[in-house]
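Text of the file target_27.pdb, holding PDB, C-alpha atoms:
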ATOM      1  CA  MET J 134     -53.223 -66.822 101.380
ATOM      2  CA  ILE J 135     -55.335 -65.698  98.444
ATOM      3  CA  LEU J 136     -52.495 -63.443  97.284
ATOM      4  CA  ARG J 137     -50.251 -66.496  97.062
ATOM      5  CA  TYR J 138     -52.770 -68.222  94.750
ATOM      6  CA  VAL J 139     -53.001 -65.119  92.586
ATOM      7  CA  VAL J 140     -49.195 -64.883  92.267
ATOM      8  CA  VAL J 141     -48.871 -68.614  91.521
ATOM      9  CA  GLY J 142     -51.714 -68.353  89.002
ATOM     10  CA  LEU J 143     -50.091 -65.385  87.257
ATOM     11  CA  ALA J 144     -46.728 -67.140  87.165
ATOM     12  CA  ALA J 145     -48.310 -70.280  85.727
ATOM     13  CA  GLY J 146     -50.176 -68.182  83.143
ATOM     14  CA  ALA J 147     -46.959 -66.388  82.127
ATOM     15  CA  LEU J 148     -45.156 -69.724  81.801
ATOM     16  CA  LEU J 149     -47.943 -71.175  79.650
ATOM     17  CA  GLY J 150     -47.969 -68.004  77.531
ATOM     18  CA  ALA J 151     -44.208 -68.220  76.976
ATOM     19  CA  LEU J 152     -44.554 -71.896  76.054
ATOM     20  CA  ALA J 153     -47.318 -71.056  73.563
ATOM     21  CA  VAL J 154     -45.142 -68.375  71.939
ATOM     22  CA  TYR J 155     -42.204 -70.811  71.746
ATOM     23  CA  VAL J 156     -44.357 -73.510  70.131
ATOM     24  CA  ALA J 157     -45.834 -70.997  67.647
ATOM     25  CA  LEU J 158     -42.391 -69.689  66.648
ATOM     26  CA  ARG J 159     -41.028 -73.204  66.286
ATOM     27  CA  TRP J 160     -44.001 -74.190  64.108
ATOM     28  CA  TYR J 161     -43.497 -71.060  61.961
ATOM     29  CA  ARG J 162     -39.790 -71.722  61.487
ATOM     30  CA  GLU J 163     -40.414 -75.336  60.489
ATOM     31  CA  ARG J 164     -43.225 -74.333  58.114
ATOM     32  CA  THR J 165     -41.212 -71.610  56.394
ATOM     33  CA  GLY J 166     -37.966 -73.550  56.081
ATOM     34  CA  PHE J 167     -35.887 -71.580  58.568
ATOM     35  CA  ALA J 168     -35.830 -74.236  61.303
ATOM     36  CA  ALA J 169     -32.445 -75.744  60.421
ATOM     37  CA  GLY J 170     -29.134 -73.944  60.543
ATOM     38  CA  GLY J 171     -30.119 -71.153  62.912
ATOM     39  CA  THR J 172     -31.206 -67.733  61.850
ATOM     40  CA  GLY J 173     -29.328 -65.252  59.757
ATOM     41  CA  ARG J 174     -28.809 -61.608  60.485
ATOM     42  CA  VAL J 175     -30.242 -59.126  57.974
ATOM     43  CA  ILE J 176     -27.344 -57.014  56.681
ATOM     44  CA  ALA J 177     -29.089 -55.357  53.735
ATOM     45  CA  SER J 178     -32.649 -54.872  52.543
ATOM     46  CA  ASP J 179     -34.349 -53.420  49.511
ATOM     47  CA  THR J 180     -37.601 -53.112  51.464
ATOM     48  CA  GLY J 181     -36.685 -49.926  53.330
ATOM     49  CA  GLY J 182     -35.885 -51.486  56.705
ATOM     50  CA  GLU J 183     -32.113 -51.609  56.260
ATOM     51  CA  ALA J 184     -29.653 -50.049  53.833
ATOM     52  CA  SER J 185     -29.726 -51.863  50.490
ATOM     53  CA  ILE J 186     -26.747 -53.310  48.662
ATOM     54  CA  LEU J 187     -26.296 -53.476  44.902
ATOM     55  CA  LEU J 188     -24.934 -56.834  43.769
ATOM     56  CA  ARG J 189     -23.003 -56.776  40.473
ATOM     57  CA  ASP J 190     -21.502 -59.270  38.079
ATOM     58  CA  PRO J 191     -19.520 -57.287  35.490
ATOM     59  CA  GLN J 192     -18.902 -60.386  33.347
ATOM     60  CA  LEU J 193     -22.612 -60.916  32.620
ATOM     61  CA  GLY J 194     -23.568 -57.310  33.259
ATOM     62  CA  LEU J 195     -25.994 -58.341  35.988
ATOM     63  CA  ARG J 196     -26.913 -56.110  38.870
ATOM     64  CA  GLY J 197     -29.699 -56.162  41.373
ATOM     65  CA  ARG J 198     -30.881 -55.724  44.930
ATOM     66  CA  PRO J 199     -32.416 -58.732  46.683
ATOM     67  CA  ASP J 200     -35.234 -58.027  49.124
ATOM     68  CA  TYR J 201     -32.943 -59.165  51.943
ATOM     69  CA  LEU J 202     -29.319 -60.188  52.216
ATOM     70  CA  LEU J 203     -28.771 -62.458  55.213
ATOM     71  CA  GLU J 204     -25.482 -63.171  56.928
ATOM     72  CA  PHE J 205     -24.903 -66.537  58.579
ATOM     73  CA  GLU J 206     -21.767 -67.504  60.462
ATOM     74  CA  VAL J 207     -20.328 -70.817  59.317
ATOM     75  CA  ALA J 208     -17.127 -72.070  60.947
ATOM     76  CA  GLY J 209     -16.249 -68.531  62.002
ATOM     77  CA  HIS J 210     -16.688 -67.064  58.510
ATOM     78  CA  PRO J 211     -19.579 -65.059  57.053
ATOM     79  CA  LEU J 212     -21.886 -66.628  54.487
ATOM     80  CA  TYR J 213     -24.171 -64.263  52.561
ATOM     81  CA  VAL J 214     -27.542 -65.568  51.392
ATOM     82  CA  PRO J 215     -30.179 -63.662  49.367
ATOM     83  CA  LEU J 216     -33.833 -63.877  50.363
ATOM     84  CA  GLU J 217     -36.490 -62.813  47.866
ATOM     85  CA  LEU J 218     -40.087 -62.266  49.001
ATOM     86  CA  LYS J 219     -43.152 -62.988  46.866
ATOM     87  CA  PRO J 220     -45.928 -62.588  49.450
ATOM     88  CA  GLY J 221     -48.723 -62.746  46.881
ATOM     89  CA  ARG J 222     -47.659 -66.144  45.548
ATOM     90  CA  ARG J 223     -49.523 -69.154  46.858
ATOM     91  CA  SER J 224     -47.874 -72.182  45.340
ATOM     92  CA  ARG J 225     -46.380 -75.485  46.402
ATOM     93  CA  ARG J 226     -43.757 -75.242  43.672
ATOM     94  CA  ILE J 227     -41.281 -72.576  42.643
ATOM     95  CA  TYR J 228     -42.154 -70.458  39.618
ATOM     96  CA  GLU J 229     -39.366 -70.657  37.032
ATOM     97  CA  SER J 230     -39.103 -66.863  36.755
ATOM     98  CA  ASP J 231     -38.618 -66.580  40.531
ATOM     99  CA  ALA J 232     -35.924 -69.275  40.566
ATOM    100  CA  LEU J 233     -34.131 -67.441  37.747
ATOM    101  CA  GLN J 234     -34.322 -64.173  39.699
ATOM    102  CA  VAL J 235     -32.743 -65.770  42.782
ATOM    103  CA  ALA J 236     -30.121 -67.422  40.546
ATOM    104  CA  ALA J 237     -29.242 -64.027  39.045
ATOM    105  CA  TYR J 238     -28.786 -62.636  42.562
ATOM    106  CA  LEU J 239     -26.557 -65.589  43.444
ATOM    107  CA  ILE J 240     -24.370 -65.005  40.374
ATOM    108  CA  ALA J 241     -24.049 -61.299  41.180
ATOM    109  CA  LEU J 242     -23.453 -62.093  44.866
ATOM    110  CA  ARG J 243     -20.616 -64.469  43.928
ATOM    111  CA  ALA J 244     -18.945 -61.703  41.922
ATOM    112  CA  THR J 245     -19.499 -59.183  44.749
ATOM    113  CA  ALA J 246     -18.734 -61.232  47.881
ATOM    114  CA  LYS J 247     -16.395 -63.904  46.439
ATOM    115  CA  ASP J 248     -15.867 -66.772  48.926
ATOM    116  CA  ALA J 249     -18.482 -65.436  51.370
ATOM    117  CA  ALA J 250     -21.272 -65.903  48.792
ATOM    118  CA  ALA J 251     -23.651 -68.816  49.288
ATOM    119  CA  THR J 252     -24.473 -71.162  46.429
ATOM    120  CA  PHE J 253     -28.133 -71.066  47.446
ATOM    121  CA  GLY J 254     -30.775 -68.485  48.223
ATOM    122  CA  TYR J 255     -34.272 -68.437  49.671
ATOM    123  CA  LEU J 256     -37.558 -67.635  47.993
ATOM    124  CA  ARG J 257     -40.465 -66.959  50.352
ATOM    125  CA  TYR J 258     -44.058 -67.312  49.150
ATOM    126  CA  ALA J 259     -47.177 -66.832  51.256
ATOM    127  CA  THR J 260     -47.377 -70.619  51.547
ATOM    128  CA  GLY J 261     -43.778 -71.326  52.545
ATOM    129  CA  THR J 262     -40.096 -70.878  51.857
ATOM    130  CA  PHE J 263     -38.087 -72.597  49.152
ATOM    131  CA  LYS J 264     -34.347 -73.050  48.855
ATOM    132  CA  VAL J 265     -32.935 -72.332  45.379
ATOM    133  CA  GLY J 266     -29.520 -73.846  44.645
ATOM    134  CA  LEU J 267     -27.319 -72.379  41.929
ATOM    135  CA  SER J 268     -26.767 -75.310  39.585
ATOM    136  CA  SER J 269     -24.742 -75.111  36.374
ATOM    137  CA  GLU J 270     -27.999 -75.553  34.425
ATOM    138  CA  LEU J 271     -29.684 -72.645  36.207
ATOM    139  CA  GLU J 272     -26.591 -70.501  35.693
ATOM    140  CA  ARG J 273     -26.596 -71.357  31.973
ATOM    141  CA  ARG J 274     -30.280 -70.364  31.700
ATOM    142  CA  VAL J 275     -29.639 -67.007  33.394
ATOM    143  CA  SER J 276     -26.783 -66.356  30.971
ATOM    144  CA  ALA J 277     -28.982 -67.252  27.977
ATOM    145  CA  ILE J 278     -31.715 -64.888  29.171
ATOM    146  CA  VAL J 279     -29.220 -62.056  29.654
ATOM    147  CA  GLN J 280     -27.984 -62.589  26.080
ATOM    148  CA  ALA J 281     -31.550 -62.665  24.728
ATOM    149  CA  ILE J 282     -32.396 -59.414  26.521
ATOM    150  CA  ARG J 283     -29.297 -57.743  25.081
ATOM    151  CA  ALA J 284     -30.172 -58.959  21.595
ATOM    152  CA  GLY J 285     -33.724 -57.656  22.036
ATOM    153  CA  ARG J 286     -32.479 -54.195  22.972
ATOM    154  CA  SER J 287     -30.882 -53.736  19.575
ATOM    155  CA  ALA J 288     -33.544 -55.554  17.544
ATOM    156  CA  ALA J 289     -35.951 -53.576  15.389
ATOM    157  CA  THR J 290     -38.869 -55.768  16.546
ATOM    158  CA  VAL J 291     -39.203 -57.947  19.644
ATOM    159  CA  ASN J 292     -42.015 -60.485  19.428
ATOM    160  CA  ARG J 293     -44.272 -61.413  22.333
ATOM    161  CA  SER J 294     -42.800 -64.401  24.181
ATOM    162  CA  HIS J 295     -45.947 -65.895  25.748
ATOM    163  CA  SER J 296     -49.568 -66.836  25.165
ATOM    164  CA  ILE J 297     -50.994 -65.780  28.528
ATOM    165  CA  VAL J 298     -53.856 -63.295  28.160
ATOM    166  CA  GLN J 299     -53.653 -62.087  31.779
ATOM    167  CA  ARG J 300     -49.999 -61.209  31.315
ATOM    168  CA  CYS J 301     -50.891 -59.038  28.323
ATOM    169  CA  VAL J 302     -53.780 -57.370  30.180
ATOM    170  CA  ASN J 303     -51.369 -56.227  32.924
ATOM    171  CA  CYS J 304     -48.510 -55.244  30.595
ATOM    172  CA  SER J 305     -47.169 -51.709  30.931
ATOM    173  CA  VAL J 306     -46.622 -51.369  27.140
ATOM    174  CA  ARG J 307     -49.879 -52.986  26.018
ATOM    175  CA  GLU J 308     -51.173 -49.817  24.337
ATOM    176  CA  HIS J 309     -48.103 -49.802  22.062
ATOM    177  CA  CYS J 310     -48.107 -53.543  21.276
ATOM    178  CA  ASN J 311     -49.353 -54.952  17.997
ATOM    179  CA  GLN J 312     -49.270 -58.529  19.367
ATOM    180  CA  ALA J 313     -51.459 -58.075  22.456
ATOM    181  CA  LEU J 314     -53.729 -60.982  23.319
ATOM    182  CA  GLY J 315     -57.405 -60.765  24.180
TER     183      GLY J 315
END
Can you dump the structure from the file as structure tokens?
Amino acid sequence: MILRYVVVGLAAGALLGALAVYVALRWYRERTGFAAGGTGRVIASDTGGEASILLRDPQLGLRGRPDYLLEFEVAGHPLYVPLELKPGRRSRRIYESDALQVAAYLIALRATAKDAAATFGYLRYATGTFKVGLSSELERRVSAIVQAIRAGRSAATVNRSHSIVQRCVNCSVREHCNQALG
């Protein structure tokens, strides 16, 4: 008789444990933005877990490796979506530089994967996940930055482009800079 109570108790405990795991996973998916649309399969990674893939846009001369490239199935066809991780960021809004990075991946993905490329990507901070859509304005800004970088490569002098002391303190070329702050 006592064995029956033990078995029933263990079964009830296992059921409650499974329910707790389900609720925790559901909460996590809703909090991070991956609750809708199912989950994608990781097909490439620049983090060492999977083989990486180099995305290229020869027209702009862009190339890069997103942290993860996810594959979703939509109406029987693959849809590739980049996911960039910024685990140290704790923000409720997207940093402009991060949105531009995801946009650059989307442009290169479009050139690489053609019709299978998504027009959006994900950006995951420590505080949540954001969806970045590739708008014509964002695409124009990426193109302008690419042109500015190319112009800077051939310029005799490239001036500092910010007034943030902390950025200068952490700069890898600070010791060679005559415009360092602080």
Shell around region 194-205 of chain J at 8 Å using only C-alpha atoms, local window under 2 positions removed, as a compact mmCIF listing (two decimals) with C-alpha atoms, in the coordinates of the input:
# COMPACT_ATOMS: atom_id res chain seq x y z
CA THR J 172 -31.21 -67.73 61.85
CA GLY J 173 -29.33 -65.25 59.76
CA ARG J 174 -28.81 -61.61 60.48
CA VAL J 175 -30.24 -59.13 57.97
CA ILE J 176 -27.34 -57.01 56.68
CA ALA J 177 -29.09 -55.36 53.74
CA SER J 178 -32.65 -54.87 52.54
CA ASP J 179 -34.35 -53.42 49.51
CA THR J 180 -37.60 -53.11 51.46
CA SER J 185 -29.73 -51.86 50.49
CA ILE J 186 -26.75 -53.31 48.66
CA LEU J 187 -26.30 -53.48 44.90
CA LEU J 188 -24.93 -56.83 43.77
CA ARG J 189 -23.00 -56.78 40.47
CA ASP J 190 -21.50 -59.27 38.08
CA PRO J 191 -19.52 -57.29 35.49
CA GLN J 192 -18.90 -60.39 33.35
CA VAL J 207 -20.33 -70.82 59.32
CA PRO J 211 -19.58 -65.06 57.05
CA LEU J 212 -21.89 -66.63 54.49
CA TYR J 213 -24.17 -64.26 52.56
CA VAL J 214 -27.54 -65.57 51.39
CA PRO J 215 -30.18 -63.66 49.37
CA LEU J 216 -33.83 -63.88 50.36
CA GLU J 217 -36.49 -62.81 47.87
CA LEU J 218 -40.09 -62.27 49.00
CA ALA J 237 -29.24 -64.03 39.04
CA TYR J 238 -28.79 -62.64 42.56
CA ALA J 241 -24.05 -61.30 41.18
- Task: Could you tell me which residues the PyMOL selection byres ((chain J and resi 250) around 8) returns for this structure, as a PyMOL selection string?
- Result: chain J and resi 212-214+239+242-243+246-249+251-252
- Query: Which of these residues is nearest to Val275 (chain J), using only C-alpha atoms: J:Ala232, J:Ala288, J:Ala208, J:Thr260?
  - Reply: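 Between J:Ala232, J:Ala288, J:Ala208, J:Thr260, the residue approaching Val275 (chain J) most closely is J:Ala232.
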**Request:** Could you give me, as a list in words, the residues within 9 Å of Ser224 (chain J), counting all atoms listed in the file and dropping anything in the same chain fewer than 3 positions from it?
**Result:** Ile227, Tyr228, Tyr258, Ala259, Thr260 and Gly261 of chain J
### Task
Name the residues captured by the PyMOL selection byres ((chain J and resi 278) around 12) when it is applied to the shown file; answer as a VMD selection string.
chain J and resid 193 to 195 230 233 to 234 236 to 237 271 to 277 279 to 285
Which distance in Å separates CA of His295 (chain J) and CA of Val235 (chain J), to one decimal?
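Between CA of His295 (chain J) and CA of Val235 (chain J) the gap is 21.6 Å.
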task: Using all atoms listed in the file, determine which residues lie at most 8 Å from Val302 (chain J), disregarding the query and same-chain residues fewer than 3 positions distant; provide the list as JSON, numbers by chain.
output: {"J": [298, 299, 307, 314, 315]}
